[in-house]
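To start, the structure itself, in structure tokens.
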Amino acid sequence: MQTPAQLLGRKLTGCQGTHGVFPACNFGCQPCYLSANSNRVRVDGAHTVAEVERQMAFFRERRGPAQYAQLIGGEVSLLPAEAHAEALEMMRRYGRMPMSFSHGDFDYEYLEEIAVRPDGSRRFDLVSFAIHIDSTMRGRRGIRHAGSERELHPERRRVREMFDRLTAEHGVRTHLAHNMTVTPDNLDEVADVVRVCRELGYRMCSFQPAAMVGDQRRWDEGYRTLTDDAVWAEAERGAGTRLPYKALQVGDLRCNRVTYGVWAADRYVPLLDDADPRDLRARDVFLARLPGNLLFAPPLIAAARVARALLLHPADIPTVVSWAQRFARRLGVRAVGGDLHPTTYVMHSFMDAADVAPAWDLLQRGVRATDPKLLTTQERLQACAYGMAHPDRDEIVPACVQHSVFDEAENARLGALLPLYRPRD
């Protein structure tokens with residue numbers, strides 16, 4: 001997947017996630033990417049913190065600093081708040097920008113305890129959460145079994161208001177992403193979710209078409225009728241514009257689509273238009289000249305690095321200025337009032353476990369598949385942008401492999417190590 005648009009290996013070493021740190025979840029969703037035995041493991045804060053450190057140290061050694069990492073497994077809010085906070089601190093210590101992955105069904109006091117120390121001082125200047133809310137989920141306190149996405153809009157608002165309160169009361173900045181599993185049943189509600197998330201100020205909207213990974217008891221064969229193009233078209237309908245995803249690529253386009261842009265009042269403006277050759281020339285300049293991953297640098301340092309890059313290559317300045325003028329025109333007069341809200345739209349398409357397991361086995365043996373479906377799976381695995389650390393194997397494995405190949409056996413071992421009920425002395 002070495003294309004002019006590729007970010008992986010040039011500006012990013014990929015997103016990273018934890019595994020085996022808290023497999024259990026208190027929801028019953030359909031579909032569910034967790035293995036059937038995930039709830040046989042006790043959530044244990046000390047185990048989580050120790051295992052997070054081991055995995056983050058391996059990522060730091062293999063993939064350097066300044067990368068995104070998700071604190072993910074089962075449901076992160078089942079962790080005691082102090083252990084949750086310690087895990088995030090550990091991730092930062094190893095140069096990660098952590099994001100907690102949760103269904104959001106927790107109270108403000110839990111969030112406050114994570115972000116603020118008992119003495120009232122801020123533990124973090126910024127907290128980042130990915131909140132998964134959709135009608136495939138079962139068990140939410142406010143609405144146990146939603147019949148539509150519209151019924152869940154109050155929950156989306158409640159979560160947003162918790163984080164706004166954290167900022168207002170303690171000055172902790174927040175980055176809030178919204179995730180949604182898409183099936184044929186809620187496909188036509190994607191556009192409405194996009195509009196509501198825009199109104200509520202979520203910084204990212206992420207969609208995952210249903211995939212047969214995890215608990216087979218919670219899978220419906222009818223989910224297979226869904227296509228990536230259908231999901232993306234509904235996201236575009238919600239945004240009210242085309243969402244160009246070929247200008248910047250993260251891994252394999254069959255796995256990930258992403259559009260970076262800005263809401264200017266009621267209009268969404270992508271940073272780059274993949275149908276405009278002038279934007280693509282600007283993209284090539286950015287990728288060739290800008291140093292490192294600027295997202296992790298303080299704003300003044302990032303600005304200084306950009307200025308230095310342009311001064312060292314003055315011939316590129318007209319291309320950059322031309323792009324800036326086009327982008328400003330696309331924003332229009334809306335930008336004058338300062339009503340600008342950066343928002344990213346993402347789609348992650350996981351693969352069927354029945355394809356991943358044999359494709360991975362062949363890759364491990366150095367064999368190129370001859371079956372077209374398995375060959376496609378191998379290509380996607382080799383270009384994976386979302387890895388999980390296995391220090392014992394000296395390997396970073398794709399998330400699809402983690403869920404399709406390793407989760408069940410790993411949870412069986414953890415169930416023996418962390419039984420649900422502690423034996424009496």
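So you can find residues: chains in the structure tokens are A, B, ... in the order shown, residues in each start at 1, and ligands are numbered from 1 in order.
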Check your understanding: Hey, what does DSSP flag as helix (DSSP H, G or I) within segment 177-342 of chain A? Can you give it to me as a VMD selection string?
Key -> chain A and resid 187 to 200 216 to 218 221 to 225 228 to 239 277 to 289 294 to 296 299 to 312 314 to 337
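If you measure from each of A:Pro314, A:Leu280, A:Asp392, A:Asp266 to Gly332 of chain A using only C-alpha atoms, the closest one turns out to be A:Asp266.
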Exercise for review: Write out as a list in words each polymer residue whose atoms come within 9 Å of Glu189 of chain A, counting only C-alpha atoms; drop sequence neighbours fewer than 4 positions from it.
Suggested key: Ser148, Glu149, Arg150, Asp185, Val193, Val194 and Glu234 of chain A
Exercise for review: Just the strand (DSSP E or B) stuff from segment 166-303 of chain A, please, per backbone DSSP, written as a PyMOL selection string.
Suggested key: chain A and resi 173-182+204-209+249+256-264+267-270
Store the residues picked out above in a file with N, CA and C atoms, as a compact mmCIF listing (two decimals), in the first residue's frame.
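Done, and the output landed in selection01.txt:
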```
# COMPACT_ATOMS: atom_id res chain seq x y z
N ARG A 173 -9.06 19.88 29.42
CA ARG A 173 -9.51 19.83 28.04
C ARG A 173 -9.89 18.38 27.68
N THR A 174 -10.80 18.24 26.71
CA THR A 174 -11.25 16.91 26.35
C THR A 174 -11.26 16.72 24.84
N HIS A 175 -10.99 15.51 24.43
CA HIS A 175 -11.12 15.11 23.03
C HIS A 175 -12.06 13.92 23.02
N LEU A 176 -13.22 14.10 22.41
CA LEU A 176 -14.27 13.10 22.48
C LEU A 176 -14.61 12.58 21.09
N ALA A 177 -14.46 11.27 20.92
CA ALA A 177 -14.82 10.62 19.66
C ALA A 177 -16.10 9.81 19.87
N HIS A 178 -16.87 9.66 18.81
CA HIS A 178 -18.09 8.86 18.85
C HIS A 178 -17.92 7.68 17.90
N ASN A 179 -18.14 6.48 18.43
CA ASN A 179 -18.05 5.26 17.62
C ASN A 179 -19.42 4.61 17.47
N MET A 180 -19.58 3.92 16.36
CA MET A 180 -20.88 3.31 16.08
C MET A 180 -20.70 2.08 15.21
N THR A 181 -21.24 0.94 15.66
CA THR A 181 -21.30 -0.25 14.82
C THR A 181 -22.51 -0.11 13.89
N VAL A 182 -22.30 -0.45 12.63
CA VAL A 182 -23.37 -0.28 11.64
C VAL A 182 -23.80 -1.64 11.12
N MET A 204 -14.63 13.45 16.56
CA MET A 204 -14.46 12.39 15.57
C MET A 204 -15.73 11.56 15.53
N CYS A 205 -16.10 11.11 14.33
CA CYS A 205 -17.16 10.13 14.16
C CYS A 205 -16.56 8.92 13.46
N SER A 206 -16.66 7.77 14.12
CA SER A 206 -16.06 6.55 13.59
C SER A 206 -17.15 5.51 13.40
N PHE A 207 -17.09 4.81 12.27
CA PHE A 207 -18.10 3.80 11.94
C PHE A 207 -17.42 2.46 11.68
N GLN A 208 -18.01 1.40 12.23
CA GLN A 208 -17.50 0.05 12.01
C GLN A 208 -18.61 -0.82 11.43
N PRO A 209 -18.54 -1.11 10.13
CA PRO A 209 -19.50 -2.07 9.58
C PRO A 209 -19.37 -3.40 10.32
N GLN A 249 -4.11 8.40 3.24
CA GLN A 249 -4.42 6.99 3.44
C GLN A 249 -3.68 6.48 4.67
N ASN A 256 -9.47 1.05 6.19
CA ASN A 256 -9.64 2.37 6.80
C ASN A 256 -9.95 3.43 5.75
N ARG A 257 -10.95 4.22 6.03
CA ARG A 257 -11.19 5.45 5.27
C ARG A 257 -11.17 6.59 6.28
N VAL A 258 -10.56 7.70 5.90
CA VAL A 258 -10.49 8.83 6.83
C VAL A 258 -10.56 10.14 6.06
N THR A 259 -11.32 11.07 6.59
CA THR A 259 -11.39 12.43 6.06
C THR A 259 -11.15 13.40 7.21
N TYR A 260 -10.14 14.24 7.05
CA TYR A 260 -9.86 15.30 8.02
C TYR A 260 -10.47 16.59 7.50
N GLY A 261 -11.10 17.32 8.38
CA GLY A 261 -11.71 18.57 7.93
C GLY A 261 -12.17 19.44 9.08
N VAL A 262 -12.92 20.48 8.73
CA VAL A 262 -13.37 21.48 9.70
C VAL A 262 -14.83 21.83 9.42
N TRP A 263 -15.61 21.83 10.48
CA TRP A 263 -16.95 22.40 10.37
C TRP A 263 -16.84 23.90 10.55
N ALA A 264 -17.34 24.64 9.57
CA ALA A 264 -17.43 26.10 9.65
C ALA A 264 -18.91 26.44 9.71
N ARG A 267 -21.30 24.09 7.67
CA ARG A 267 -20.69 23.54 6.45
C ARG A 267 -19.41 22.79 6.79
N TYR A 268 -19.30 21.55 6.29
CA TYR A 268 -18.09 20.77 6.52
C TYR A 268 -17.15 20.93 5.34
N VAL A 269 -15.88 21.28 5.64
CA VAL A 269 -14.88 21.52 4.59
C VAL A 269 -13.69 20.59 4.81
N PRO A 270 -13.49 19.58 3.96
CA PRO A 270 -12.33 18.72 4.07
C PRO A 270 -11.03 19.49 3.84
```
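Closest approach to Pro65 of chain A from the set A:Pro118, A:Gly292, A:Pro4, A:Pro23 is made by A:Gly292, with distances taken over only C-alpha atoms.
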Check your understanding: So how far away is atom CA of Gly142 of chain A from atom CA of Cys25 of chain A, in Å?
Key -> 17.0 Å
Exercise for review: Mind checking which residues fall within 6 Å of segment 356-361 of chain A, counting only C-alpha atoms, ignoring those fewer than 4 positions away in the same chain, and posting them as a ChimeraX atom specification?
Suggested key: /A:374,378,405
